[in-house]
Each structure stands twice: as structure tokens, then as C-alpha cells.
Amino acid sequence: MRKNMDMFKKLYDELATKVNEYLHNTLDDMEKYPKIIFDSMEHSLFAGGKRLRPVMLLASHRLLGGNLNESLPLAGGLEMIHTYSLIHDDLPAMDNDDFRRGVPTNHKIFGEGIAILSGDALLNLAYEIMLDNALKYPDKLINHVKAINTIAQAAGIRGMIGGQVVDLQYEGKEVDSDTLQYIHQHKTGALFMASLKASIMLENPPEDASKALMEYGKSLGLAFQVIDDILDVVGDDKTLGKKTGSDKDRRKATYVDKYGLDKSWSIARQLRDSAIAQMETFGQKGEFLRQLAQFIVDRHH
Ligand code: GRG
């Protein structure tokens, strides 16, 4: 058990380090002009995110027998899209947050205009690097286009943006359980699912493997969000790197609000167990994603 955990942590760090190096190299290869926008992008990108989504993409690609150098730009692109969403979510027009990833939010340092533009720049750069990478694999061009399309859909109106819009609309209002599920599955779950679906698009695995990965992602994405809601109530500002209690302040639709703390914990554990059960299809090879599900539910930040 302990050995599995140690191996998980080692591989997680290896994958997250690969992503960090890739992101650094990508920005360092560019002429950093105008400097302020690069400073702003780097401020948020390198403030210490967990790199969950890119690690999931690389791990699932590895599980399906893929070559990590081929998927690294997709993993990096996904992290850029996630970071852009955090920068925009923190703006005064949205959540108006002062801290993120343990440092002042982007607009607090660079002003709202640059923060908006640096989110936009990260979003565009993500597609540039994913498309450039696709061109390096002419024999698998269709697979890459499908993987990038999956990520675009998940980030867009049928995914994260759709979820964010409904979330904004329901602030301060009573929310039914279907709407709560819609918000979370789109706002947060969509990028989780995209990390797994992108590797499926790259490798075309057998039907049972894709189905298991998709079900895993669905349960885990939701479990992640339930834990996020719980941490907003019981978490510690310092460990989380952002202010807790903000969901309540903004009268946001959350699992804790809807079901209370105890039931929310039990929902999160049930979702974790369903995710873990899906990994049976992969035998021992599924161990990393099993441990990842455990890590997501046990996390303190
Ligand atoms: C602005 C289009 C647009 C969308 C914003 C993702 C999002 C949609 C809003 C973020 C609000 C929020 C805190 C949602 C809860 C789930 C979430 C995305 C948490 C942050 O993800 P982590 O824990 O963060 O993976 P790190 O910093 O580790 O990358």
C-alpha cells in the first residue's frame, strides 16, 4: 500500500516536472515582447498549480501505450487553458478574488486590462502549440485534430464556459440538484474529461478501455468539485493558497450548501470508489489512476 503510494508520488512529480519544463521552454523560446504580458502570464502559470489535468492527460496516454513527447504539448495546452480560466474567474467582474495559488491574483498585480489579455493570450497560445505539435505527426494528423477538438469543446460553451455561465446566473439563488450537477460537470468536469478523452483520440483504444476511462473521468471530475466545495468550508487559506468561505460569501451553488458536510463527504467517497472501480479493466497498469483518485479526494489543497 505504502509502496504504491510512494511510486504514485514519484511518477506524479515526474509528470508534473515534465509539464513545468515544457511550459517554461515554450515561453522562453518566444521573444518576450511586450514584456508585461509575458510577466503576467508567467505570474499565474508558474505560481504552483497542482498540474492535475496535464498529469491526467499524460498518465492516461501512457496507460494506453502512447509516447509522452507526443502528448506533452496537449498537456501543456490544457494547463494554459485552465490557468486562463482561473485568471478570468478571479477578476472583479466574476469572483473578485485577491489570492490564487498562494500569490496575489493576476489583476491585483498587473491590472484588469492586462489580466484579461494574459488570459486571452494563454488561451490562444494553447491552440498554437497543440496545432504546431499536430503538424509533427502527419500519420496521426486526424487523431491530433480530434484530440484538440475535444479540448476546444470542453473549454467552450458546451463545457467550461457553459458551466461558468450557469454558475454566474445562479449566484444567490436556490439551485436544484440537476442544475448543480450541470454546473459542476461543465465548469470543472469538462476539462478533466478532456484530459482523458484527448488520449483516447490519440490512441484509439478498444471500446471497453475508452468507456472505463470516460466513466473514471466523469466520477472523478465530480468528486474533485465536491471536495473543492468542502475545502472552501473546512480548508485552510494558507494551504489552499486562496481565501476560503468565498462560495458562502457569494451565495454560490455548492454541494455543501445543498447536502451538508457529512453527505458531501460521503458523495465524494462514493464517486472516488466508482472511479477506482473503472480501473479494473486495466489491471496493475491502472494503479496510477487509482492512486490519483485517492489523492484527489484526500487532498488538502
Ligand atoms: C472564466 C471561462 C471561465 C471559466 C472559469 C475553472 C473556472 C471556470 C473557475 C474556477 C473557479 C473554481 C475555483 C472552480 C473550482 C474548481 C477549480 C477549477 C479549482 C481549481 O483547480 P485546481 O485545484 O487548481 O486544479 P490548481 O491551482 O492546482 O491548478
# chains A, B, ... in the order shown; residues from 1 in each chain; ligands from 1
>>> residues_around(residues="region 40-46 of chain A", least_positions_apart="4", cutoff="12 Å", atoms="only C-alpha atoms", output="VMD selection string")
chain A and resid 16 to 17 19 to 28 32 to 36 50 to 51 76 to 88 90 99 to 123 125
>>> residues_around(residues="Tyr170 (chain A)", least_positions_apart="6", cutoff="10 Å", atoms="only C-alpha atoms", output="PDB file with N, CA and C atoms, in the first residue's frame")
ATOM      1  N   GLN A 164     -19.701  27.871 -16.334  1.00  0.00           N
ATOM      2  CA  GLN A 164     -19.432  29.145 -15.645  1.00  0.00           C
ATOM      3  C   GLN A 164     -20.621  30.102 -15.795  1.00  0.00           C
ATOM      4  N   THR A 179     -29.323  21.076 -11.822  1.00  0.00           N
ATOM      5  CA  THR A 179     -28.559  22.261 -12.243  1.00  0.00           C
ATOM      6  C   THR A 179     -27.187  22.274 -11.567  1.00  0.00           C
ATOM      7  N   LEU A 180     -27.165  21.892 -10.293  1.00  0.00           N
ATOM      8  CA  LEU A 180     -25.883  21.851  -9.578  1.00  0.00           C
ATOM      9  C   LEU A 180     -24.929  20.889 -10.278  1.00  0.00           C
ATOM     10  N   ILE A 183     -23.689  22.451 -13.535  1.00  0.00           N
ATOM     11  CA  ILE A 183     -22.641  23.462 -13.298  1.00  0.00           C
ATOM     12  C   ILE A 183     -21.294  22.767 -13.096  1.00  0.00           C
ATOM     13  N   ARG A 251     -22.804  33.405  -2.050  1.00  0.00           N
ATOM     14  CA  ARG A 251     -24.027  32.590  -2.105  1.00  0.00           C
ATOM     15  C   ARG A 251     -24.039  31.731  -3.367  1.00  0.00           C
ATOM     16  N   LYS A 252     -22.924  30.978  -3.514  1.00  0.00           N
ATOM     17  CA  LYS A 252     -22.745  30.109  -4.678  1.00  0.00           C
ATOM     18  C   LYS A 252     -23.424  28.774  -4.460  1.00  0.00           C
ATOM     19  N   ALA A 253     -23.810  28.158  -5.591  1.00  0.00           N
ATOM     20  CA  ALA A 253     -24.397  26.827  -5.545  1.00  0.00           C
ATOM     21  C   ALA A 253     -23.286  25.816  -5.257  1.00  0.00           C
TER      22      ALA A 253
END
>>> residues_around(residues="Ser219 (chain A)", least_positions_apart="4", cutoff="9 Å", atoms="only C-alpha atoms", output="compact mmCIF listing (two decimals) with all heavy atoms, in the first residue's frame")
# COMPACT_ATOMS: atom_id res chain seq x y z
N GLY A 189 -15.74 19.59 -14.49
CA GLY A 189 -15.61 18.22 -15.01
C GLY A 189 -15.15 18.16 -16.46
O GLY A 189 -14.42 17.25 -16.84
N MET A 214 -13.57 7.09 -19.64
CA MET A 214 -14.57 8.16 -19.62
C MET A 214 -15.39 8.14 -18.33
O MET A 214 -15.67 9.18 -17.73
CB MET A 214 -15.51 8.08 -20.83
CG MET A 214 -14.83 8.30 -22.17
SD MET A 214 -13.90 9.82 -22.24
CE MET A 214 -15.21 10.98 -22.28
N GLU A 215 -15.79 6.93 -17.91
CA GLU A 215 -16.56 6.82 -16.65
C GLU A 215 -15.72 7.26 -15.46
O GLU A 215 -16.19 7.91 -14.53
CB GLU A 215 -17.05 5.37 -16.44
CG GLU A 215 -18.16 4.96 -17.39
CD GLU A 215 -19.43 5.81 -17.24
OE1 GLU A 215 -19.77 6.18 -16.12
OE2 GLU A 215 -20.05 6.13 -18.29
N ALA A 223 -16.15 14.29 -8.18
CA ALA A 223 -15.55 14.13 -6.83
C ALA A 223 -14.62 15.31 -6.54
O ALA A 223 -14.64 15.88 -5.44
CB ALA A 223 -14.76 12.83 -6.77
N PHE A 224 -13.84 15.73 -7.53
CA PHE A 224 -12.92 16.85 -7.37
C PHE A 224 -13.69 18.10 -6.94
O PHE A 224 -13.30 18.83 -6.04
CB PHE A 224 -12.18 17.11 -8.69
CG PHE A 224 -11.34 18.35 -8.67
CD1 PHE A 224 -10.03 18.29 -8.22
CD2 PHE A 224 -11.85 19.57 -9.07
CE1 PHE A 224 -9.25 19.44 -8.18
CE2 PHE A 224 -11.08 20.71 -9.03
CZ PHE A 224 -9.77 20.65 -8.59
N ALA A 268 -18.50 12.31 -2.16
CA ALA A 268 -17.14 12.35 -2.74
C ALA A 268 -16.49 10.97 -2.67
O ALA A 268 -15.85 10.52 -3.63
CB ALA A 268 -16.28 13.37 -1.99
N GLN A 270 -18.00 8.05 -2.50
CA GLN A 270 -18.69 7.13 -3.43
C GLN A 270 -18.18 7.35 -4.86
O GLN A 270 -17.93 6.41 -5.59
CB GLN A 270 -20.18 7.42 -3.43
CG GLN A 270 -20.99 6.43 -2.61
CD GLN A 270 -22.44 6.89 -2.53
OE1 GLN A 270 -22.95 7.51 -3.44
NE2 GLN A 270 -23.08 6.59 -1.43
N LEU A 271 -18.05 8.62 -5.22
CA LEU A 271 -17.57 8.94 -6.58
C LEU A 271 -16.14 8.44 -6.77
O LEU A 271 -15.79 7.89 -7.82
CB LEU A 271 -17.64 10.46 -6.82
CG LEU A 271 -19.06 11.02 -6.99
CD1 LEU A 271 -19.07 12.54 -6.82
CD2 LEU A 271 -19.62 10.66 -8.37
N ARG A 272 -15.32 8.61 -5.73
CA ARG A 272 -13.94 8.10 -5.79
C ARG A 272 -13.94 6.58 -6.02
O ARG A 272 -13.23 6.07 -6.88
CB ARG A 272 -13.21 8.42 -4.47
CG ARG A 272 -11.85 7.78 -4.35
CD ARG A 272 -11.42 7.69 -2.91
NE ARG A 272 -12.32 6.85 -2.11
CZ ARG A 272 -12.35 6.81 -0.79
NH1 ARG A 272 -11.53 7.55 -0.09
NH2 ARG A 272 -13.19 6.02 -0.15
N ASP A 273 -14.80 5.88 -5.27
CA ASP A 273 -14.82 4.42 -5.40
C ASP A 273 -15.31 3.99 -6.78
O ASP A 273 -14.81 3.02 -7.34
CB ASP A 273 -15.68 3.79 -4.29
CG ASP A 273 -15.05 4.02 -2.93
OD1 ASP A 273 -13.84 4.37 -2.90
OD2 ASP A 273 -15.74 3.87 -1.90
N SER A 274 -16.29 4.73 -7.34
CA SER A 274 -16.74 4.37 -8.69
C SER A 274 -15.61 4.59 -9.68
O SER A 274 -15.42 3.79 -10.60
CB SER A 274 -17.91 5.23 -9.18
OG SER A 274 -18.83 5.43 -8.21
N ALA A 275 -14.85 5.69 -9.50
CA ALA A 275 -13.73 5.96 -10.41
C ALA A 275 -12.72 4.82 -10.30
O ALA A 275 -12.27 4.27 -11.32
CB ALA A 275 -13.09 7.30 -10.08
>>> residues_around(residues="Ile142 (chain A)", least_positions_apart="5", cutoff="10 Å", atoms="only C-alpha atoms", output="number ranges by chain")
A: 134, 137, 147-148, 201-202
>>> closest_residue(among="A:Asp176, A:Asp232, A:Asp6, A:Glu128", to="ligand 1", atoms="only C-alpha atoms and all ligand atoms")
A:Asp232
>>> select_by_dssp(residues="region 99-133 of chain A", states="helix (DSSP H, G or I)", output="list in words")
Asn106, His107, Lys108, Ile109, Phe110, Glu112, Gly113, Ile114, Ala115, Ile116, Leu117, Ser118, Gly119, Asp120, Ala121, Leu122, Leu123, Asn124, Leu125, Ala126, Tyr127, Glu128, Ile129, Met130, Leu131, Asp132 and Asn133 of chain A
>>> write_last_selection(atoms="N, CA and C atoms", output="compact mmCIF listing (two decimals), in the first residue's frame")
# COMPACT_ATOMS: atom_id res chain seq x y z
N ASN A 106 -3.84 37.75 -10.64
CA ASN A 106 -3.20 38.44 -11.76
C ASN A 106 -3.57 39.92 -11.85
N HIS A 107 -4.88 40.22 -11.75
CA HIS A 107 -5.30 41.62 -11.91
C HIS A 107 -4.83 42.49 -10.75
N LYS A 108 -4.57 41.88 -9.57
CA LYS A 108 -4.09 42.66 -8.41
C LYS A 108 -2.69 43.19 -8.69
N ILE A 109 -1.93 42.45 -9.50
CA ILE A 109 -0.56 42.88 -9.79
C ILE A 109 -0.47 43.66 -11.09
N PHE A 110 -1.16 43.15 -12.11
CA PHE A 110 -0.97 43.74 -13.45
C PHE A 110 -2.13 44.63 -13.90
N GLU A 112 -6.59 45.03 -14.42
CA GLU A 112 -7.60 44.20 -15.07
C GLU A 112 -7.36 44.01 -16.56
N GLY A 113 -6.94 45.08 -17.24
CA GLY A 113 -6.75 45.00 -18.69
C GLY A 113 -5.73 43.94 -19.06
N ILE A 114 -4.57 44.00 -18.40
CA ILE A 114 -3.51 43.03 -18.72
C ILE A 114 -3.94 41.62 -18.29
N ALA A 115 -4.65 41.52 -17.17
CA ALA A 115 -5.09 40.19 -16.71
C ALA A 115 -6.04 39.56 -17.74
N ILE A 116 -6.95 40.37 -18.29
CA ILE A 116 -7.86 39.84 -19.32
C ILE A 116 -7.04 39.39 -20.52
N LEU A 117 -6.10 40.27 -20.93
CA LEU A 117 -5.31 39.93 -22.13
C LEU A 117 -4.39 38.75 -21.89
N SER A 118 -3.87 38.60 -20.68
CA SER A 118 -2.95 37.47 -20.48
C SER A 118 -3.75 36.16 -20.43
N GLY A 119 -5.00 36.20 -19.95
CA GLY A 119 -5.88 35.02 -20.07
C GLY A 119 -6.12 34.69 -21.53
N ASP A 120 -6.46 35.73 -22.32
CA ASP A 120 -6.69 35.52 -23.76
C ASP A 120 -5.44 34.98 -24.44
N ALA A 121 -4.28 35.52 -24.04
CA ALA A 121 -3.01 35.10 -24.67
C ALA A 121 -2.73 33.62 -24.37
N LEU A 122 -2.98 33.21 -23.13
CA LEU A 122 -2.76 31.80 -22.77
C LEU A 122 -3.70 30.89 -23.55
N LEU A 123 -4.94 31.34 -23.70
CA LEU A 123 -5.92 30.53 -24.43
C LEU A 123 -5.47 30.34 -25.88
N ASN A 124 -5.04 31.44 -26.51
CA ASN A 124 -4.60 31.34 -27.91
C ASN A 124 -3.31 30.55 -28.06
N LEU A 125 -2.38 30.79 -27.13
CA LEU A 125 -1.10 30.09 -27.21
C LEU A 125 -1.31 28.58 -27.08
N ALA A 126 -2.28 28.20 -26.26
CA ALA A 126 -2.59 26.77 -26.08
C ALA A 126 -2.89 26.13 -27.43
N TYR A 127 -3.73 26.78 -28.23
CA TYR A 127 -4.08 26.19 -29.53
C TYR A 127 -2.91 26.24 -30.50
N GLU A 128 -2.11 27.33 -30.43
CA GLU A 128 -0.92 27.39 -31.30
C GLU A 128 -0.01 26.20 -31.05
N ILE A 129 0.28 25.91 -29.78
CA ILE A 129 1.25 24.84 -29.51
C ILE A 129 0.66 23.46 -29.80
N MET A 130 -0.64 23.30 -29.59
CA MET A 130 -1.25 21.99 -29.86
C MET A 130 -1.31 21.75 -31.37
N LEU A 131 -1.60 22.81 -32.13
CA LEU A 131 -1.68 22.66 -33.60
C LEU A 131 -0.29 22.47 -34.21
N ASP A 132 0.70 23.24 -33.71
CA ASP A 132 2.08 23.05 -34.19
C ASP A 132 2.51 21.61 -33.97
N ASN A 133 2.16 21.08 -32.80
CA ASN A 133 2.53 19.71 -32.48
C ASN A 133 1.84 18.72 -33.42
>>> residues_around(residues="Gly162 (chain A)", least_positions_apart="6", cutoff="12 Å", atoms="only C-alpha atoms", output="list in words")
Gln153, Ala154, Ala155, Gly156, Leu168, Gln169, Thr179, Tyr182, Ile183, His184, Gln185, His186, Lys187, Thr188, Gly189 and Ala190 of chain A
>>> write_last_selection(atoms="N, CA and C atoms", output="compact mmCIF listing (two decimals), in the first residue's frame")
# COMPACT_ATOMS: atom_id res chain seq x y z
N GLN A 153 -13.85 21.85 -27.34
CA GLN A 153 -15.26 21.71 -26.92
C GLN A 153 -15.38 21.78 -25.40
N ALA A 154 -14.45 21.12 -24.71
CA ALA A 154 -14.52 21.08 -23.24
C ALA A 154 -14.29 22.47 -22.63
N ALA A 155 -13.48 23.28 -23.30
CA ALA A 155 -13.19 24.62 -22.77
C ALA A 155 -14.29 25.61 -23.13
N GLY A 156 -15.11 25.25 -24.12
CA GLY A 156 -16.05 26.22 -24.68
C GLY A 156 -17.44 26.19 -24.10
N LEU A 168 -22.77 31.64 -12.74
CA LEU A 168 -22.99 33.08 -12.51
C LEU A 168 -24.48 33.39 -12.38
N GLN A 169 -25.28 32.74 -13.24
CA GLN A 169 -26.72 33.02 -13.23
C GLN A 169 -27.38 32.60 -11.92
N THR A 179 -29.32 21.08 -11.82
CA THR A 179 -28.56 22.26 -12.24
C THR A 179 -27.19 22.27 -11.57
N TYR A 182 -25.10 20.01 -13.44
CA TYR A 182 -24.73 20.61 -14.73
C TYR A 182 -23.56 21.58 -14.54
N ILE A 183 -23.69 22.45 -13.54
CA ILE A 183 -22.64 23.46 -13.30
C ILE A 183 -21.29 22.77 -13.10
N HIS A 184 -21.28 21.79 -12.18
CA HIS A 184 -20.00 21.17 -11.84
C HIS A 184 -19.45 20.32 -12.97
N GLN A 185 -20.35 19.57 -13.63
CA GLN A 185 -19.85 18.71 -14.71
C GLN A 185 -19.28 19.54 -15.86
N HIS A 186 -19.79 20.75 -16.04
CA HIS A 186 -19.30 21.58 -17.14
C HIS A 186 -18.15 22.49 -16.70
N LYS A 187 -18.36 23.20 -15.60
CA LYS A 187 -17.36 24.17 -15.17
C LYS A 187 -16.02 23.49 -14.85
N THR A 188 -16.09 22.38 -14.15
CA THR A 188 -14.87 21.71 -13.71
C THR A 188 -14.66 20.38 -14.41
N GLY A 189 -15.74 19.59 -14.49
CA GLY A 189 -15.61 18.22 -15.01
C GLY A 189 -15.15 18.16 -16.46
N ALA A 190 -15.57 19.14 -17.27
CA ALA A 190 -15.29 19.07 -18.71
C ALA A 190 -13.79 18.99 -19.00
>>> residues_around(residues="region 58-63 of chain A", least_positions_apart="2", cutoff="8 Å", atoms="only C-alpha atoms", output="list of chain:residue names")
A:Leu15, A:Pro54, A:Val55, A:Met56, A:Gly65, A:Gly66, A:Asn67, A:Leu68, A:Ser71, A:Leu72, A:Ala75, A:Leu196, A:Ser199, A:Ile200, A:Leu202, A:Glu203, A:Lys285, A:Gly286, A:Phe288, A:Leu289
>>> closest_residue(among="A:Ser264, A:Gln225, A:Asn69, A:Asn143", to="His301 (chain A)", atoms="only C-alpha atoms")
A:Gln225
>>> select_by_dssp(residues="region 26-187 of chain A", states="strand (DSSP E or B)", output="MDAnalysis selection string")
chainID A and resid 99:100 103:104
>>> atom_distance(atom1="CA of Lys10 (chain A)", atom2="CA of Arg290 (chain A)")
14.7 Å
>>> decode(residues="region 53-64 of chain A", atoms="all heavy atoms", output="mmCIF file, in the first residue's frame")
data_model
loop_
_atom_site.group_PDB
_atom_site.id
_atom_site.type_symbol
_atom_site.label_atom_id
_atom_site.label_comp_id
_atom_site.auth_asym_id
_atom_site.auth_seq_id
_atom_site.Cartn_x
_atom_site.Cartn_y
_atom_site.Cartn_z
ATOM 1 N N ARG A 53 -4.689 18.330 -14.394
ATOM 2 C CA ARG A 53 -5.238 17.977 -15.711
ATOM 3 C C ARG A 53 -4.158 17.479 -16.671
ATOM 4 O O ARG A 53 -4.331 16.431 -17.288
ATOM 5 C CB ARG A 53 -6.030 19.172 -16.284
ATOM 6 C CG ARG A 53 -7.238 19.500 -15.418
ATOM 7 C CD ARG A 53 -7.625 20.959 -15.451
ATOM 8 N NE ARG A 53 -8.568 21.300 -14.389
ATOM 9 C CZ ARG A 53 -8.206 21.539 -13.136
ATOM 10 N NH1 ARG A 53 -6.940 21.486 -12.770
ATOM 11 N NH2 ARG A 53 -9.117 21.830 -12.220
ATOM 12 N N PRO A 54 -3.015 18.207 -16.788
ATOM 13 C CA PRO A 54 -1.975 17.675 -17.674
ATOM 14 C C PRO A 54 -1.400 16.341 -17.189
ATOM 15 O O PRO A 54 -1.087 15.476 -18.003
ATOM 16 C CB PRO A 54 -0.901 18.767 -17.678
ATOM 17 C CG PRO A 54 -1.202 19.652 -16.528
ATOM 18 C CD PRO A 54 -2.672 19.561 -16.275
ATOM 19 N N VAL A 55 -1.291 16.165 -15.872
ATOM 20 C CA VAL A 55 -0.790 14.873 -15.363
ATOM 21 C C VAL A 55 -1.771 13.761 -15.741
ATOM 22 O O VAL A 55 -1.372 12.668 -16.167
ATOM 23 C CB VAL A 55 -0.548 14.927 -13.826
ATOM 24 C CG1 VAL A 55 -0.387 13.533 -13.236
ATOM 25 C CG2 VAL A 55 0.685 15.772 -13.513
ATOM 26 N N MET A 56 -3.064 14.055 -15.644
ATOM 27 C CA MET A 56 -4.062 13.041 -16.027
ATOM 28 C C MET A 56 -3.961 12.713 -17.507
ATOM 29 O O MET A 56 -4.102 11.563 -17.913
ATOM 30 C CB MET A 56 -5.477 13.549 -15.723
ATOM 31 C CG MET A 56 -5.940 13.107 -14.363
ATOM 32 S SD MET A 56 -7.476 13.897 -13.908
ATOM 33 C CE MET A 56 -8.650 12.954 -14.811
ATOM 34 N N LEU A 57 -3.731 13.747 -18.309
ATOM 35 C CA LEU A 57 -3.611 13.507 -19.758
ATOM 36 C C LEU A 57 -2.391 12.618 -20.047
ATOM 37 O O LEU A 57 -2.493 11.608 -20.752
ATOM 38 C CB LEU A 57 -3.518 14.844 -20.495
ATOM 39 C CG LEU A 57 -3.739 14.811 -22.014
ATOM 40 C CD1 LEU A 57 -4.217 16.173 -22.521
ATOM 41 C CD2 LEU A 57 -2.526 14.399 -22.807
ATOM 42 N N LEU A 58 -1.257 12.980 -19.454
ATOM 43 C CA LEU A 58 -0.043 12.188 -19.716
ATOM 44 C C LEU A 58 -0.184 10.771 -19.170
ATOM 45 O O LEU A 58 0.211 9.802 -19.825
ATOM 46 C CB LEU A 58 1.178 12.874 -19.084
ATOM 47 C CG LEU A 58 1.573 14.232 -19.666
ATOM 48 C CD1 LEU A 58 2.755 14.818 -18.902
ATOM 49 C CD2 LEU A 58 1.934 14.122 -21.150
ATOM 50 N N ALA A 59 -0.774 10.643 -17.978
ATOM 51 C CA ALA A 59 -0.899 9.312 -17.365
ATOM 52 C C ALA A 59 -1.845 8.424 -18.166
ATOM 53 O O ALA A 59 -1.587 7.230 -18.351
ATOM 54 C CB ALA A 59 -1.379 9.446 -15.923
ATOM 55 N N SER A 60 -2.943 9.004 -18.653
ATOM 56 C CA SER A 60 -3.879 8.157 -19.407
ATOM 57 C C SER A 60 -3.279 7.820 -20.778
ATOM 58 O O SER A 60 -3.460 6.719 -21.285
ATOM 59 C CB SER A 60 -5.258 8.804 -19.528
ATOM 60 O OG SER A 60 -5.160 10.078 -20.095
ATOM 61 N N HIS A 61 -2.506 8.751 -21.340
ATOM 62 C CA HIS A 61 -1.855 8.458 -22.624
ATOM 63 C C HIS A 61 -0.830 7.330 -22.441
ATOM 64 O O HIS A 61 -0.734 6.416 -23.253
ATOM 65 C CB HIS A 61 -1.185 9.736 -23.165
ATOM 66 C CG HIS A 61 -0.752 9.598 -24.586
ATOM 67 N ND1 HIS A 61 0.383 10.185 -25.080
ATOM 68 C CD2 HIS A 61 -1.291 8.917 -25.636
ATOM 69 C CE1 HIS A 61 0.516 9.870 -26.364
ATOM 70 N NE2 HIS A 61 -0.486 9.114 -26.723
ATOM 71 N N ARG A 62 -0.121 7.395 -21.344
ATOM 72 C CA ARG A 62 0.862 6.343 -21.029
ATOM 73 C C ARG A 62 0.151 4.999 -20.839
ATOM 74 O O ARG A 62 0.587 3.966 -21.326
ATOM 75 C CB ARG A 62 1.573 6.776 -19.739
ATOM 76 C CG ARG A 62 2.721 5.932 -19.297
ATOM 77 C CD ARG A 62 3.363 6.668 -18.129
ATOM 78 N NE ARG A 62 4.448 5.906 -17.536
ATOM 79 C CZ ARG A 62 4.267 5.095 -16.518
ATOM 80 N NH1 ARG A 62 3.080 4.923 -15.977
ATOM 81 N NH2 ARG A 62 5.313 4.438 -16.026
ATOM 82 N N LEU A 63 -0.978 5.050 -20.127
ATOM 83 C CA LEU A 63 -1.750 3.826 -19.887
ATOM 84 C C LEU A 63 -2.179 3.165 -21.203
ATOM 85 O O LEU A 63 -2.244 1.947 -21.315
ATOM 86 C CB LEU A 63 -2.993 4.190 -19.044
ATOM 87 C CG LEU A 63 -4.024 3.121 -18.748
ATOM 88 C CD1 LEU A 63 -3.421 2.025 -17.868
ATOM 89 C CD2 LEU A 63 -5.227 3.728 -18.035
ATOM 90 N N LEU A 64 -2.449 4.009 -22.202
ATOM 91 C CA LEU A 64 -2.893 3.481 -23.497
ATOM 92 C C LEU A 64 -1.711 3.175 -24.426
ATOM 93 O O LEU A 64 -1.896 2.911 -25.607
ATOM 94 C CB LEU A 64 -3.855 4.476 -24.174
ATOM 95 C CG LEU A 64 -5.133 4.793 -23.383
ATOM 96 C CD1 LEU A 64 -5.976 5.834 -24.106
ATOM 97 C CD2 LEU A 64 -5.956 3.534 -23.149
#
